[in-house]
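Working notes, structure below.
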Amino acid sequence: MDFVGDIYRPPSEAQSILLQITVGCSHNACTFCSMYKAKRFSVKSQETVFRDIDEAARLYQGIPRLFLCDGDAMVLSTEKLITILVRIRERMPWIRRISAYADSVSICRKSLEELKALKEHGLSLLYHGVESGSDTVLTSVNKGSSVADAIQAASLLREAHISHSVMFLLGLGGVKYSPEHAMNSGQLLSRINPTFASALTLTLVPGTPLYQNAQNGQFEPLEAFALVKELRTLLEHTQVTQCQFAANHASNYLPIKGRLPEDLPKMLATLDEILATRDNRKLVPEWMRGL
Ligand code: SF4
């Protein structure tokens, strides 16, 4: 398989076939993100992608899930994506789920008809990096999309029947915007009402502009219990009908997950207990946290 640079995928795609169809991220300007800094964005040739699909068909018979890398495969034209999806279906008819990362802008650039066509050809799940429900925070980290864009993207995906997994980033507003970030993110999650949602935790990575801001005092990061409090506030403001919520990514200090709304009281009670006791032993130690 032809892989350019480091490859990232959501934790829930650990067992999936990885097929890199673009290299890097076309935006690549979020101040907190280091994932694709070493890569210049490019679209892989059809020849390379088709060769990888043929190889995957030989190597991974029977594996039912496939994840399209890198950062925003949806930036490809619908025509190109459908050509790839058709080839996957031809060569690997056993695939049951095809997924990719997406951002609000690349989803909103597609019409409802295009998204429905992608769904018909097998695209079934998008991981959508919403990051925050606060436009102030999104602007401060140069996300390149707004809360309104996220709502529009969610609406399009719902109508196209593409499953939607939204990701928020705890700590992204720093101390200054923490209450707004947490409350607005819970409200945005309620408004989007997705099938899956997750909360990851900001890790300041050397070399990123946000790391530099923290070094020179322009950004004040949250300590571990303040991050737990942020998660508590986010959940407190969440009202969804049926959502699998996970905050158990390697970056989180307190792994927690559940089905919303039924598990919400239990999750809030767990967070309250941690906040009341401030027992460090119940948090993931710093050295065990990952990106
Ligand atoms: S957070 Fe997403 S959109 Fe922003 S630079 Fe990283 S991969 Fe690209």
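Ordered as shown in the structure tokens, chains take letters A, B, and onward, while each chain numbers its residues from 1 and ligands are numbered from 1 in the order shown.
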Next on the checklist: List as an NGL selection string the protein and nucleic acid residues near Ser99 (chain A), meaning an atom at most 9 Å away when only C-alpha atoms are counted, but skip any in the same chain fewer than 5 places from it.
Outcome noted: :A and (13 or 65-68 or 122-127)
Could you take the residues named above and write them with C-alpha atoms, as a short mmCIF file (atom, residue, chain, number, x, y, z; two decimals), in the first residue's frame?
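Below is the file selection09.cif, written as the result:
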```cif
data_model
loop_
_atom_site.label_atom_id
_atom_site.label_comp_id
_atom_site.auth_asym_id
_atom_site.auth_seq_id
_atom_site.Cartn_x
_atom_site.Cartn_y
_atom_site.Cartn_z
CA GLU A 13 -11.24 2.63 12.83
CA ARG A 65 -14.59 -1.49 7.21
CA LEU A 66 -12.49 0.93 5.19
CA PHE A 67 -11.30 4.42 6.16
CA LEU A 68 -10.33 7.01 3.54
CA GLY A 122 -21.08 3.28 -0.09
CA LEU A 123 -19.87 6.30 1.91
CA SER A 124 -21.61 5.66 5.20
CA LEU A 125 -19.91 7.62 8.01
CA LEU A 126 -18.09 10.95 8.35
CA TYR A 127 -15.99 12.05 11.33
#
```
Item to check | Contacts of ligand 1, 8 Å or closer, only C-alpha atoms and all ligand atoms, given as a PyMOL selection string | outcome: chain A and resi 24-37+71-72+102-103+129+143-144
Checklist entry - Running DSSP on the backbone, which parts of region 4-139 of chain A land in alpha helix (DSSP H), as a ChimeraX atom specification? => result /A:46-59,78-91,104-108,112-120,135-139
Next on the checklist: Which residues are near region 255-257 of chain A? Cut-off 7 Å, only C-alpha atoms, ignore same chain within fewer than 6 positions. Put them as a PyMOL selection string.
Outcome noted: chain A and resi 245-248
For N, CA and C atoms, I'd like the residues from the last selection saved as a PDB file, in the first residue's frame.
```
ATOM      1  N   PHE A 245     -21.814   8.643  23.031  1.00  0.00           N
ATOM      2  CA  PHE A 245     -20.852   9.695  23.367  1.00  0.00           C
ATOM      3  C   PHE A 245     -19.601   9.071  23.983  1.00  0.00           C
ATOM      4  N   ALA A 246     -18.434   9.499  23.507  1.00  0.00           N
ATOM      5  CA  ALA A 246     -17.180   8.945  24.040  1.00  0.00           C
ATOM      6  C   ALA A 246     -16.190  10.061  24.347  1.00  0.00           C
ATOM      7  N   ALA A 247     -15.648  10.016  25.544  1.00  0.00           N
ATOM      8  CA  ALA A 247     -14.530  10.907  25.890  1.00  0.00           C
ATOM      9  C   ALA A 247     -13.414  10.018  26.420  1.00  0.00           C
ATOM     10  N   ASN A 248     -13.151   8.946  25.678  1.00  0.00           N
ATOM     11  CA  ASN A 248     -12.150   7.972  26.134  1.00  0.00           C
ATOM     12  C   ASN A 248     -10.943   7.908  25.199  1.00  0.00           C
TER      13      ASN A 248
END
```
Checklist entry - Near Leu172 (chain A), within 12 Å and counting only C-alpha atoms, which residues show up once chain neighbours fewer than 2 positions away are dropped, as a count of residues only? => result 47
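When only C-alpha atoms are used to compute distances to Glu113 (chain A), the closest of the residues A:Trp94, A:Gln218, A:Ile88, A:Ala160 turns out to be A:Ala160.
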